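Undergrad: Quick one, final32.csv (CSV, C-alpha atoms and all ligand atoms):
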chain,number,residue,atom,x,y,z
A,1,MET,CA,-30.3,-38.9,18.6
A,2,VAL,CA,-30.7,-39.3,22.3
A,3,HIS,CA,-29.8,-36.9,25.1
A,4,ASN,CA,-28.7,-38.3,28.4
A,5,PHE,CA,-29.3,-36.3,31.5
A,6,ASN,CA,-29.1,-39.2,33.9
A,7,ALA,CA,-27.8,-38.5,37.4
A,8,GLY,CA,-25.8,-41.7,37.8
A,9,PRO,CA,-24.7,-44.0,36.3
A,10,SER,CA,-24.6,-41.4,33.6
A,11,ILE,CA,-23.2,-40.3,30.3
A,12,LEU,CA,-19.6,-41.0,29.3
A,13,PRO,CA,-17.9,-40.1,26.0
A,14,LYS,CA,-19.0,-42.2,23.0
A,15,GLU,CA,-15.3,-42.9,22.2
A,16,VAL,CA,-14.9,-44.4,25.7
A,17,PHE,CA,-17.8,-46.8,25.0
A,18,GLN,CA,-16.3,-47.7,21.7
A,19,GLN,CA,-12.8,-48.4,23.1
A,20,ALA,CA,-14.2,-50.3,26.2
A,21,SER,CA,-16.3,-52.5,24.0
A,22,GLU,CA,-13.3,-53.3,21.8
A,23,ALA,CA,-11.2,-54.2,24.9
A,24,ILE,CA,-13.9,-56.7,25.9
A,25,LEU,CA,-13.3,-58.6,22.7
A,26,ASN,CA,-9.6,-58.1,22.1
A,27,PHE,CA,-7.6,-56.2,24.6
A,28,ASN,CA,-4.3,-54.6,23.3
A,29,ASN,CA,-4.4,-57.0,20.4
A,30,MET,CA,-3.6,-59.9,22.8
A,31,GLY,CA,-6.4,-62.0,21.4
A,32,LEU,CA,-7.9,-62.0,24.9
A,33,SER,CA,-10.6,-60.0,26.6
A,34,ILE,CA,-9.7,-57.5,29.3
A,35,LEU,CA,-12.1,-59.6,31.4
A,36,GLU,CA,-10.0,-62.8,31.2
A,37,ILE,CA,-6.5,-61.6,32.0
A,38,GLY,CA,-4.9,-61.5,35.4
A,39,HIS,CA,-4.8,-58.2,37.3
A,40,ARG,CA,-1.0,-58.8,37.9
A,41,THR,CA,-0.1,-59.0,34.2
A,42,ASN,CA,2.0,-56.3,32.8
A,43,GLU,CA,-0.9,-55.3,30.5
A,44,PHE,CA,-3.2,-54.6,33.4
A,45,GLN,CA,-0.5,-53.0,35.5
A,46,ALA,CA,0.0,-50.5,32.7
A,47,VAL,CA,-3.7,-49.6,32.9
A,48,MET,CA,-3.6,-49.0,36.6
A,49,ASP,CA,-0.4,-47.0,36.3
A,50,GLU,CA,-1.8,-44.8,33.6
A,51,ALA,CA,-5.1,-44.2,35.4
A,52,GLN,CA,-3.2,-43.2,38.6
A,53,SER,CA,-0.8,-40.9,36.7
A,54,LEU,CA,-3.6,-39.3,34.7
A,55,VAL,CA,-5.4,-38.4,38.0
A,56,LYS,CA,-2.2,-36.9,39.4
A,57,GLU,CA,-1.6,-34.9,36.2
A,58,LEU,CA,-5.2,-33.7,35.7
A,59,MET,CA,-5.5,-32.7,39.3
A,60,HIS,CA,-2.0,-31.3,39.7
A,61,LEU,CA,-1.4,-33.5,42.8
A,62,ASP,CA,1.6,-33.2,45.0
A,63,ASP,CA,3.9,-36.2,45.6
A,64,ASN,CA,2.5,-36.9,49.0
A,65,LYS,CA,-0.8,-37.9,47.5
A,66,GLU,CA,-1.7,-41.5,46.7
A,67,VAL,CA,-4.3,-42.4,44.1
A,68,LEU,CA,-6.4,-45.6,44.9
A,69,PHE,CA,-9.1,-47.3,43.0
A,70,LEU,CA,-11.2,-49.2,45.6
A,71,HIS,CA,-14.4,-51.3,45.7
A,72,GLY,CA,-17.6,-50.4,47.3
A,73,GLY,CA,-18.7,-47.1,45.9
A,74,ALA,CA,-18.8,-43.8,47.7
A,75,SER,CA,-21.2,-45.3,50.3
A,76,THR,CA,-18.3,-47.5,51.6
A,77,GLN,CA,-16.2,-44.4,52.1
A,78,PHE,CA,-18.9,-43.0,54.4
A,79,PHE,CA,-17.6,-45.6,56.9
A,80,GLN,CA,-14.1,-46.3,55.7
A,81,VAL,CA,-13.1,-42.7,56.3
A,82,PRO,CA,-14.1,-42.5,60.0
A,83,MET,CA,-12.9,-46.1,60.6
A,84,ASN,CA,-9.4,-45.0,59.5
A,85,LEU,CA,-9.3,-41.4,60.8
A,86,LEU,CA,-11.7,-41.0,63.7
A,87,ASP,CA,-10.9,-42.5,67.1
A,88,GLU,CA,-13.7,-43.3,69.5
A,89,SER,CA,-13.0,-40.4,71.8
A,90,ALA,CA,-12.1,-37.9,69.0
A,91,THR,CA,-14.5,-35.6,67.1
A,92,ALA,CA,-14.9,-35.0,63.4
A,93,ALA,CA,-16.8,-32.0,62.0
A,94,TYR,CA,-19.3,-32.5,59.2
A,95,LEU,CA,-21.4,-30.2,57.1
A,96,ASP,CA,-24.9,-31.4,56.4
A,97,CYS,CA,-25.9,-30.2,52.9
A,98,GLY,CA,-28.0,-33.0,51.6
A,99,VAL,CA,-29.0,-36.7,51.6
A,100,TRP,CA,-25.5,-37.9,50.8
A,101,GLY,CA,-23.8,-35.8,53.5
A,102,SER,CA,-26.4,-36.9,56.0
A,103,LYS,CA,-25.7,-40.6,55.2
A,104,ALA,CA,-21.9,-39.9,55.8
A,105,ILE,CA,-22.8,-38.4,59.2
A,106,LYS,CA,-24.8,-41.4,60.1
A,107,GLU,CA,-21.9,-43.8,59.4
A,108,ALA,CA,-19.3,-41.6,61.1
A,109,LYS,CA,-21.3,-41.7,64.4
A,110,LEU,CA,-20.6,-45.4,64.5
A,111,TYR,CA,-16.9,-44.7,65.1
A,112,GLY,CA,-16.6,-41.5,67.1
A,113,ASN,CA,-18.0,-38.1,67.9
A,114,VAL,CA,-19.5,-36.1,65.2
A,115,GLU,CA,-20.2,-32.4,65.3
A,116,VAL,CA,-22.5,-31.1,62.6
A,117,VAL,CA,-21.2,-27.6,62.1
A,118,ALA,CA,-24.2,-26.5,60.0
A,119,SER,CA,-27.1,-27.9,58.2
A,120,SER,CA,-29.6,-26.6,55.5
A,121,LYS,CA,-32.0,-29.4,56.2
A,122,ASP,CA,-34.6,-27.0,57.5
A,123,SER,CA,-35.0,-25.5,54.1
A,124,ASN,CA,-34.9,-28.9,52.2
A,125,TYR,CA,-31.2,-28.4,51.5
A,126,THR,CA,-31.9,-25.6,49.0
A,127,TYR,CA,-28.7,-23.6,50.0
A,128,ILE,CA,-25.2,-24.1,51.3
A,129,PRO,CA,-24.7,-22.9,54.9
A,130,LYS,CA,-22.0,-20.2,55.4
A,131,GLY,CA,-20.3,-18.5,58.3
A,132,TYR,CA,-20.1,-21.6,60.5
A,133,ASP,CA,-17.1,-22.4,62.8
A,134,ILE,CA,-15.1,-25.5,62.6
A,135,ALA,CA,-13.4,-26.4,66.0
A,136,GLU,CA,-9.6,-26.6,65.6
A,137,SER,CA,-9.7,-29.8,67.7
A,138,ALA,CA,-11.7,-31.7,65.0
A,139,VAL,CA,-9.6,-34.5,63.4
A,140,TYR,CA,-11.1,-33.7,60.0
A,141,PHE,CA,-13.9,-31.7,58.4
A,142,HIS,CA,-16.1,-33.6,55.9
A,143,TYR,CA,-18.3,-32.1,53.3
A,144,THR,CA,-19.9,-32.9,49.9
A,145,THR,CA,-18.7,-30.7,47.2
A,146,ASN,CA,-21.7,-31.2,45.0
A,147,ASN,CA,-25.1,-32.2,46.2
A,148,THR,CA,-26.3,-34.5,43.4
A,149,VAL,CA,-29.9,-34.8,44.6
A,150,GLU,CA,-30.6,-31.2,45.7
A,151,GLY,CA,-28.6,-29.4,43.0
A,152,THR,CA,-26.3,-27.3,45.2
A,153,GLN,CA,-22.6,-27.0,44.9
A,154,MET,CA,-19.8,-25.5,47.1
A,155,HIS,CA,-18.0,-22.9,44.9
A,156,ALA,CA,-15.2,-22.3,47.3
A,157,ILE,CA,-13.1,-24.5,49.7
A,158,PRO,CA,-13.9,-23.6,53.3
A,159,GLU,CA,-11.2,-21.7,55.2
A,160,THR,CA,-9.9,-23.9,58.0
A,161,ASN,CA,-6.7,-25.6,59.2
A,162,VAL,CA,-8.6,-28.7,60.0
A,163,PRO,CA,-7.7,-31.5,57.5
A,164,LEU,CA,-10.3,-31.5,54.7
A,165,VAL,CA,-12.2,-34.7,53.6
A,166,ALA,CA,-14.5,-34.4,50.6
A,167,ASP,CA,-17.1,-36.5,48.8
A,168,MET,CA,-16.6,-35.4,45.2
A,169,SER,CA,-18.7,-38.1,43.6
A,170,SER,CA,-20.7,-35.9,41.4
A,171,ASP,CA,-18.3,-33.1,40.5
A,172,ILE,CA,-14.8,-34.5,40.5
A,173,LEU,CA,-12.7,-33.2,37.6
A,174,SER,CA,-15.4,-30.9,36.5
A,175,THR,CA,-13.9,-27.6,37.8
A,176,GLU,CA,-10.5,-26.4,38.7
A,177,MET,CA,-9.8,-26.5,42.4
A,178,ASP,CA,-6.7,-26.7,44.6
A,179,PHE,CA,-7.1,-30.4,45.1
A,180,ASN,CA,-3.9,-30.5,47.3
A,181,ARG,CA,-5.9,-28.7,50.0
A,182,PHE,CA,-7.7,-32.0,50.8
A,183,SER,CA,-6.3,-34.7,53.0
A,184,LEU,CA,-8.7,-37.2,51.5
A,185,ILE,CA,-11.0,-37.0,48.4
A,186,TYR,CA,-13.3,-39.8,47.4
A,187,ALA,CA,-15.7,-40.2,44.4
A,188,GLY,CA,-17.8,-43.0,43.1
A,189,ALA,CA,-16.8,-43.3,39.5
A,190,GLN,CA,-20.2,-43.6,37.9
A,191,LYS,CA,-21.0,-39.9,37.6
A,192,ASN,CA,-18.1,-38.2,36.0
A,193,ILE,CA,-15.2,-40.5,35.5
A,194,GLY,CA,-16.2,-44.0,34.6
A,195,ALA,CA,-18.3,-47.1,35.2
A,196,ALA,CA,-20.0,-48.1,38.4
A,197,GLY,CA,-18.0,-50.5,40.6
A,198,VAL,CA,-15.0,-48.4,41.5
A,199,ASN,CA,-14.3,-45.6,43.8
A,200,LEU,CA,-11.5,-43.1,43.3
A,201,VAL,CA,-9.7,-42.2,46.6
A,202,ILE,CA,-7.0,-39.6,46.8
A,203,ILE,CA,-5.3,-39.6,50.1
A,204,ASP,CA,-2.4,-38.0,51.9
A,205,LYS,CA,0.2,-40.7,52.6
A,206,ASP,CA,0.5,-39.6,56.3
A,207,ILE,CA,-3.1,-39.2,57.2
A,208,PRO,CA,-4.1,-42.8,58.0
A,209,GLY,CA,-2.7,-44.9,60.8
A,210,LYS,CA,-3.4,-42.6,63.8
A,211,VAL,CA,-6.4,-44.4,65.2
A,212,THR,CA,-6.1,-47.1,67.9
A,213,ARG,CA,-8.8,-49.5,66.6
A,214,ARG,CA,-8.1,-52.6,64.7
A,215,MET,CA,-9.7,-53.0,61.4
A,216,PRO,CA,-10.0,-55.6,58.5
A,217,THR,CA,-7.1,-55.4,56.1
A,218,MET,CA,-9.4,-54.5,53.2
A,219,MET,CA,-10.6,-51.5,55.1
A,220,ASP,CA,-7.1,-50.2,56.0
A,221,TYR,CA,-6.0,-47.4,53.6
A,222,ARG,CA,-2.3,-48.1,54.5
A,223,GLU,CA,-2.6,-51.6,53.1
A,224,HIS,CA,-4.0,-50.3,49.8
A,225,ILE,CA,-1.3,-47.7,49.6
A,226,LYS,CA,1.4,-50.3,50.3
A,227,ASN,CA,0.0,-52.5,47.6
A,228,GLY,CA,-0.3,-49.9,44.9
A,229,SER,CA,-4.1,-50.2,44.9
A,230,MET,CA,-3.8,-54.0,44.1
A,231,LEU,CA,-4.3,-55.4,47.6
A,232,ASN,CA,-6.8,-57.8,46.0
A,233,THR,CA,-8.3,-58.1,42.6
A,234,PRO,CA,-9.3,-54.5,41.7
A,235,PRO,CA,-12.5,-53.9,39.6
A,236,VAL,CA,-10.4,-54.3,36.4
A,237,PHE,CA,-13.0,-53.3,33.9
A,238,ALA,CA,-14.2,-50.3,35.9
A,239,VAL,CA,-10.6,-49.1,36.3
A,240,TYR,CA,-10.1,-49.5,32.6
A,241,VAL,CA,-13.2,-47.4,31.8
A,242,CYS,CA,-11.9,-44.7,34.2
A,243,MET,CA,-8.5,-44.7,32.5
A,244,LEU,CA,-10.2,-44.2,29.1
A,245,THR,CA,-12.3,-41.4,30.4
A,246,LEU,CA,-9.3,-39.7,31.9
A,247,ARG,CA,-7.4,-40.0,28.6
A,248,TRP,CA,-10.4,-38.4,26.9
A,249,LEU,CA,-10.5,-35.6,29.5
A,250,LYS,CA,-6.8,-34.9,28.9
A,251,LYS,CA,-7.2,-34.9,25.2
A,252,THR,CA,-10.2,-32.5,25.5
A,253,GLY,CA,-8.0,-30.0,27.3
A,254,GLY,CA,-8.1,-31.1,30.9
A,255,VAL,CA,-10.1,-29.7,33.8
A,256,LYS,CA,-9.8,-26.0,32.7
A,257,ALA,CA,-11.3,-26.7,29.3
A,258,ILE,CA,-14.1,-28.9,30.7
A,259,GLN,CA,-14.9,-26.3,33.3
A,260,GLN,CA,-15.5,-23.7,30.5
A,261,LEU,CA,-17.9,-26.1,28.8
A,262,ASN,CA,-19.6,-27.0,32.0
A,263,GLU,CA,-20.2,-23.3,32.8
A,264,LYS,CA,-21.5,-22.6,29.3
A,265,LYS,CA,-24.0,-25.5,29.6
A,266,ALA,CA,-25.2,-24.5,33.1
A,267,LYS,CA,-25.5,-20.8,32.1
A,268,LEU,CA,-27.8,-21.7,29.1
A,269,LEU,CA,-30.0,-23.9,31.3
A,270,TYR,CA,-30.3,-21.5,34.3
A,271,ASP,CA,-30.8,-18.5,32.1
A,272,THR,CA,-33.6,-20.4,30.4
A,273,ILE,CA,-35.2,-21.3,33.7
A,274,ASP,CA,-34.9,-17.7,35.0
A,275,SER,CA,-36.4,-16.3,31.8
A,276,LEU,CA,-39.5,-18.5,31.7
A,277,PRO,CA,-42.0,-17.9,34.6
A,278,ILE,CA,-43.5,-21.3,34.3
A,279,PHE,CA,-40.3,-22.9,35.5
A,280,HIS,CA,-38.9,-22.3,39.0
A,281,ALA,CA,-35.5,-23.2,40.5
A,282,PRO,CA,-35.7,-23.7,44.2
A,283,VAL,CA,-31.9,-23.5,44.9
A,284,ALA,CA,-30.2,-20.2,46.1
A,285,LYS,CA,-28.6,-18.7,43.0
A,286,GLU,CA,-25.1,-18.4,44.4
A,287,ASP,CA,-25.2,-22.1,45.3
A,288,ARG,CA,-26.4,-23.5,42.1
A,289,SER,CA,-24.7,-26.6,40.9
A,290,LEU,CA,-23.0,-26.7,37.5
A,291,MET,CA,-23.6,-30.5,37.4
A,292,ASN,CA,-27.1,-31.1,38.6
A,293,ALA,CA,-29.8,-28.5,38.0
A,294,VAL,CA,-33.1,-28.9,39.9
A,295,PHE,CA,-36.3,-27.1,38.8
A,296,THR,CA,-40.0,-27.4,39.0
A,297,ILE,CA,-43.4,-26.5,37.5
A,298,ALA,CA,-46.1,-25.5,40.0
A,299,ASP,CA,-48.9,-27.3,38.1
A,300,ALA,CA,-48.7,-31.1,38.4
A,301,ASP,CA,-50.5,-31.8,35.1
A,302,ALA,CA,-48.1,-29.4,33.3
A,303,GLU,CA,-45.2,-31.2,35.0
A,304,LYS,CA,-46.4,-34.6,33.6
A,305,GLU,CA,-47.0,-33.0,30.2
A,306,PHE,CA,-43.4,-31.7,30.1
A,307,LEU,CA,-42.0,-35.0,31.1
A,308,SER,CA,-43.8,-36.8,28.3
A,309,LEU,CA,-42.6,-34.2,25.8
A,310,CYS,CA,-39.0,-35.0,27.0
A,311,LYS,CA,-39.6,-38.6,26.6
A,312,ALA,CA,-40.9,-38.2,23.1
A,313,ALA,CA,-37.9,-36.1,22.2
A,314,ASN,CA,-35.5,-38.8,23.6
A,315,LEU,CA,-34.3,-36.7,26.5
A,316,TYR,CA,-33.5,-39.2,29.2
A,317,GLY,CA,-33.2,-38.6,33.0
A,318,VAL,CA,-35.1,-35.4,33.3
A,319,LYS,CA,-37.4,-36.5,36.1
A,320,GLY,CA,-36.4,-35.3,39.6
A,321,HIS,CA,-35.1,-37.5,42.4
A,322,ARG,CA,-38.0,-39.1,44.3
A,323,SER,CA,-37.2,-37.1,47.4
A,324,VAL,CA,-37.3,-33.7,45.7
A,325,GLY,CA,-39.8,-34.1,42.8
A,326,GLY,CA,-39.9,-31.9,39.7
A,327,PHE,CA,-37.0,-32.1,37.3
A,328,ARG,CA,-33.3,-32.7,37.7
A,329,VAL,CA,-31.0,-32.4,34.8
A,330,SER,CA,-27.4,-33.7,35.1
A,331,MET,CA,-24.8,-32.0,33.0
A,332,TYR,CA,-21.7,-34.1,33.6
A,333,ASN,CA,-18.4,-33.6,31.7
A,334,ALA,CA,-19.4,-35.8,28.8
A,335,LEU,CA,-22.7,-34.1,28.1
A,336,PRO,CA,-22.5,-32.1,24.9
A,337,TYR,CA,-23.6,-28.5,24.8
A,338,GLU,CA,-26.0,-29.5,22.0
A,339,SER,CA,-28.1,-31.6,24.5
A,340,VAL,CA,-28.7,-28.6,26.6
A,341,VAL,CA,-29.7,-26.6,23.5
A,342,VAL,CA,-32.3,-29.3,22.6
A,343,LEU,CA,-33.6,-29.3,26.2
A,344,THR,CA,-33.8,-25.5,26.5
A,345,ASP,CA,-35.5,-25.2,23.1
A,346,LEU,CA,-38.1,-27.7,24.3
A,347,MET,CA,-38.6,-25.7,27.5
A,348,LYS,CA,-39.1,-22.4,25.5
A,349,ASP,CA,-41.6,-24.1,23.2
A,350,PHE,CA,-43.5,-25.5,26.1
A,351,ALA,CA,-43.6,-22.2,28.0
A,352,ASN,CA,-44.9,-20.4,24.8
A,353,LYS,CA,-47.6,-23.0,24.3
A,354,LYS,CA,-48.7,-22.6,27.9
A,355,GLY,CA,-48.8,-18.8,27.5
B,401,LIG,C1,-24.1,-41.0,44.0
B,401,LIG,C2,-23.5,-40.4,45.2
B,401,LIG,C3,-23.0,-41.2,46.3
B,401,LIG,C4,-23.3,-42.7,46.4
B,401,LIG,O1,-22.4,-43.4,45.5
B,401,LIG,P1,-22.4,-45.0,45.5
B,401,LIG,O2,-21.2,-45.2,44.6
B,401,LIG,O3,-23.7,-45.4,44.9
B,401,LIG,O4,-22.2,-45.5,46.9
B,401,LIG,C5,-22.4,-40.6,47.3
B,401,LIG,N1,-22.2,-39.3,47.3
B,401,LIG,C6,-22.6,-38.5,46.3
B,401,LIG,C7,-22.3,-37.0,46.4
B,401,LIG,C8,-23.2,-39.0,45.2
B,401,LIG,O5,-23.6,-38.3,44.2
Show this structure as structure tokens.
Ligand SMILES: *Cc1c(COP(=O)(O)O)cnc(C)c1O
TA:
Amino acid sequence: MVHNFNAGPSILPKEVFQQASEAILNFNNMGLSILEIGHRTNEFQAVMDEAQSLVKELMHLDDNKEVLFLHGGASTQFFQVPMNLLDESATAAYLDCGVWGSKAIKEAKLYGNVEVVASSKDSNYTYIPKGYDIAESAVYFHYTTNNTVEGTQMHAIPETNVPLVADMSSDILSTEMDFNRFSLIYAGAQKNIGAAGVNLVIIDKDIPGKVTRRMPTMMDYREHIKNGSMLNTPPVFAVYVCMLTLRWLKKTGGVKAIQQLNEKKAKLLYDTIDSLPIFHAPVAKEDRSLMNAVFTIADADAEKEFLSLCKAANLYGVKGHRSVGGFRVSMYNALPYESVVVLTDLMKDFANKKG
């Protein structure tokens, strides 16, 4: 038995792997692999249609939202968003809560003015800034809902009339939220919804098309909307894996049910950290992430020792991000509660042994 706490690409439901591997050999009993049929066949169109409608259903999206599956990962959205929404003379507001948000800021500056409304960089991004102002004149406000590297998460949607744009790569479909509040949501699939190679983009139909610049066709959201997310060959297999994962999520009870499981997993882990003095969680308690928990041990030898115990017990992905150190444990939707039980039992044993 292995336990997969990888941060991304990361754990998916076992049944999704099973079904995806069957489709590689024989898709829909066609006698052909999903990898060798055209994307404009009825068979693949049905996959795209089902994936899009499952997203709409699971997120309770209004009719003015379009669901796209685009290439390039979340990092492409860092520049595709401002290319489509931010004119050279206009200003977009950004919240700087971590390495991913700061990369988004860097790209946006290539296209227009960026106002960073608040940053927690001074404290190594261990908390989410609060009480900042967002100028009404901003064309959009961008933030990262869950900071994958630093282990913080926004637990409420900021109060503002400025159109909201969010990078939800590492917590999409993990908790209930009024997703209709957002003008644009993007998420690399490889953390909570599928295989690497595709990006989920949920966009208000009327938000793009207001900037004056010209842009390549492939970068223009309107072209993707017009072509039903099939402007060119979509990443067919990655879209298929998303569709299977979305089916699994629906069967599991949807976002509400998965949120309860995610809260239960996170509570067990954080309660364990808080009860054992040898472990320390650097993140502000109210901003702790349900998806990625970061914690440390002060003594470097003990840290190494704990990591080797994890390895021996087949716990994968416990080592922290290279920029933060310590440990990072990712508890995405597909991670079973049992895996957190095994990890926390190991933590308790280790703490006892160390006295
Ligand atoms: C992983 C991650 C990214 C980068 O995703 P890519 O698909 O590798 O470009 C961006 N934002 C967040 C919040 C992430 O967790």
Undergrad: With a distance cut-off of 9 Å and only C-alpha atoms, select the neighbouring residues of range 121-133 of chain A, excluding the residue or stretch itself and same-chain residues fewer than 6 positions from it, and output the selection as a list in words.
TA: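 Listing them by chain and then by number gives Leu95, Asp96, Cys97, Gly98, Val99, Asn147, Glu150, Gly151, Thr152, Gln153, Met154, Thr160, Pro282, Val283, Ala284, Lys285, Glu286, Asp287, Arg288 and Val324 of chain A.
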Undergrad: Show me which residues line ligand LIG 401 (chain B), defined as having an atom within 9 Å of a ligand atom where all atoms listed in the file count, and present them as a ChimeraX atom specification.
TA: /A:7-9,72-78,98-101,103-104,144-149,167-171,186-191,196-199
Undergrad: Thr296 in chain A: which residues within 9 Å, counting only C-alpha atoms, same-chain residues fewer than 4 positions away excluded, as a list in words?
TA: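 With the cut-off at 9 Å, the set is Ile278, Phe279, His280, Ala281, Pro282, Glu303, Gly320, Gly325, Gly326, Phe327 and Arg328 of chain A.
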Undergrad: Taking 3 positions as the minimum chain separation for residues in the same chain, which residues sit within 12 Å of Ile203 in chain A when counting all atoms listed in the file? Answer as a ChimeraX atom specification.
TA: /A:56,61-69,81,84-85,163-166,179-187,200,206-208,221-222,224-225,229
Undergrad: Give the answer as one residue: which of A:Ala138, A:Ala93, A:Ile258, A:Leu86 has the shortest atom-to-atom distance to Ala118 in chain A, using all atoms listed in the file?
TA: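 For Ala118 in chain A, the nearest of the candidates is A:Ala93.
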Undergrad: Please identify all polymer residues lying at most 12 Å from the point (-21.8, -39.2, 64.9) (file coordinates), using only C-alpha atoms, and present the result as a ChimeraX atom specification.
TA: /A:78-79,82,86-96,102-117
Undergrad: May I have the protein, DNA and RNA residues with an atom at most 9 Å from (-38.8, -18.8, 27.2), counting all atoms listed in the file in the file's coordinates, returned as a PyMOL selection string?
TA: chain A and resi 272-278+344-345+347-352
Undergrad: From the options A:Gln18, A:Thr233, A:Ser308, A:Asn333, which residue's atoms come nearest to Phe44 in chain A, counting only C-alpha atoms?
TA: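 Once distances to Phe44 in chain A are computed over only C-alpha atoms, the minimum belongs to A:Thr233.
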Undergrad: Working from the structure I just supplied, which lacks atoms in range 315-328 of chain A, can you model N, CA, C and O atoms there and output them as an mmCIF file, in the frame of the given file?
TA:
data_model
loop_
_atom_site.group_PDB
_atom_site.id
_atom_site.type_symbol
_atom_site.label_atom_id
_atom_site.label_comp_id
_atom_site.auth_asym_id
_atom_site.auth_seq_id
_atom_site.Cartn_x
_atom_site.Cartn_y
_atom_site.Cartn_z
ATOM 1 N N LEU A 315 -35.132 -37.346 25.460
ATOM 2 C CA LEU A 315 -34.300 -36.700 26.500
ATOM 3 C C LEU A 315 -34.481 -37.622 27.750
ATOM 4 O O LEU A 315 -35.557 -37.701 28.339
ATOM 5 N N TYR A 316 -33.415 -38.293 28.118
ATOM 6 C CA TYR A 316 -33.500 -39.200 29.200
ATOM 7 C C TYR A 316 -33.031 -38.578 30.556
ATOM 8 O O TYR A 316 -32.148 -37.730 30.572
ATOM 9 N N GLY A 317 -33.653 -39.018 31.647
ATOM 10 C CA GLY A 317 -33.200 -38.600 33.000
ATOM 11 C C GLY A 317 -33.557 -37.259 33.444
ATOM 12 O O GLY A 317 -32.884 -36.690 34.297
ATOM 13 N N VAL A 318 -34.664 -36.721 32.940
ATOM 14 C CA VAL A 318 -35.100 -35.400 33.300
ATOM 15 C C VAL A 318 -35.917 -35.316 34.576
ATOM 16 O O VAL A 318 -35.986 -34.301 35.264
ATOM 17 N N LYS A 319 -36.518 -36.443 34.903
ATOM 18 C CA LYS A 319 -37.400 -36.500 36.100
ATOM 19 C C LYS A 319 -36.554 -36.304 37.364
ATOM 20 O O LYS A 319 -35.451 -36.841 37.481
ATOM 21 N N GLY A 320 -37.090 -35.550 38.319
ATOM 22 C CA GLY A 320 -36.400 -35.300 39.600
ATOM 23 C C GLY A 320 -36.220 -36.478 40.453
ATOM 24 O O GLY A 320 -36.911 -37.491 40.280
ATOM 25 N N HIS A 321 -35.307 -36.384 41.421
ATOM 26 C CA HIS A 321 -35.100 -37.500 42.400
ATOM 27 C C HIS A 321 -36.411 -37.631 43.189
ATOM 28 O O HIS A 321 -37.108 -36.660 43.473
ATOM 29 N N ARG A 322 -36.707 -38.870 43.586
ATOM 30 C CA ARG A 322 -38.000 -39.100 44.300
ATOM 31 C C ARG A 322 -38.172 -38.318 45.531
ATOM 32 O O ARG A 322 -39.288 -38.038 45.925
ATOM 33 N N SER A 323 -37.060 -37.883 46.155
ATOM 34 C CA SER A 323 -37.200 -37.100 47.400
ATOM 35 C C SER A 323 -37.430 -35.623 47.169
ATOM 36 O O SER A 323 -37.760 -34.895 48.092
ATOM 37 N N VAL A 324 -37.225 -35.163 45.951
ATOM 38 C CA VAL A 324 -37.300 -33.700 45.700
ATOM 39 C C VAL A 324 -38.466 -33.422 44.697
ATOM 40 O O VAL A 324 -39.128 -32.389 44.796
ATOM 41 N N GLY A 325 -38.716 -34.327 43.749
ATOM 42 C CA GLY A 325 -39.800 -34.100 42.800
ATOM 43 C C GLY A 325 -39.319 -33.193 41.644
ATOM 44 O O GLY A 325 -38.135 -32.862 41.550
ATOM 45 N N GLY A 326 -40.263 -32.767 40.808
ATOM 46 C CA GLY A 326 -39.900 -31.900 39.700
ATOM 47 C C GLY A 326 -38.945 -32.475 38.745
ATOM 48 O O GLY A 326 -39.045 -33.657 38.404
ATOM 49 N N PHE A 327 -37.981 -31.661 38.323
ATOM 50 C CA PHE A 327 -37.000 -32.100 37.300
ATOM 51 C C PHE A 327 -35.600 -31.976 37.855
ATOM 52 O O PHE A 327 -35.304 -31.084 38.638
ATOM 53 N N ARG A 328 -34.766 -32.892 37.422
ATOM 54 C CA ARG A 328 -33.300 -32.700 37.700
ATOM 55 C C ARG A 328 -32.601 -33.102 36.403
ATOM 56 O O ARG A 328 -32.806 -34.172 35.832
#
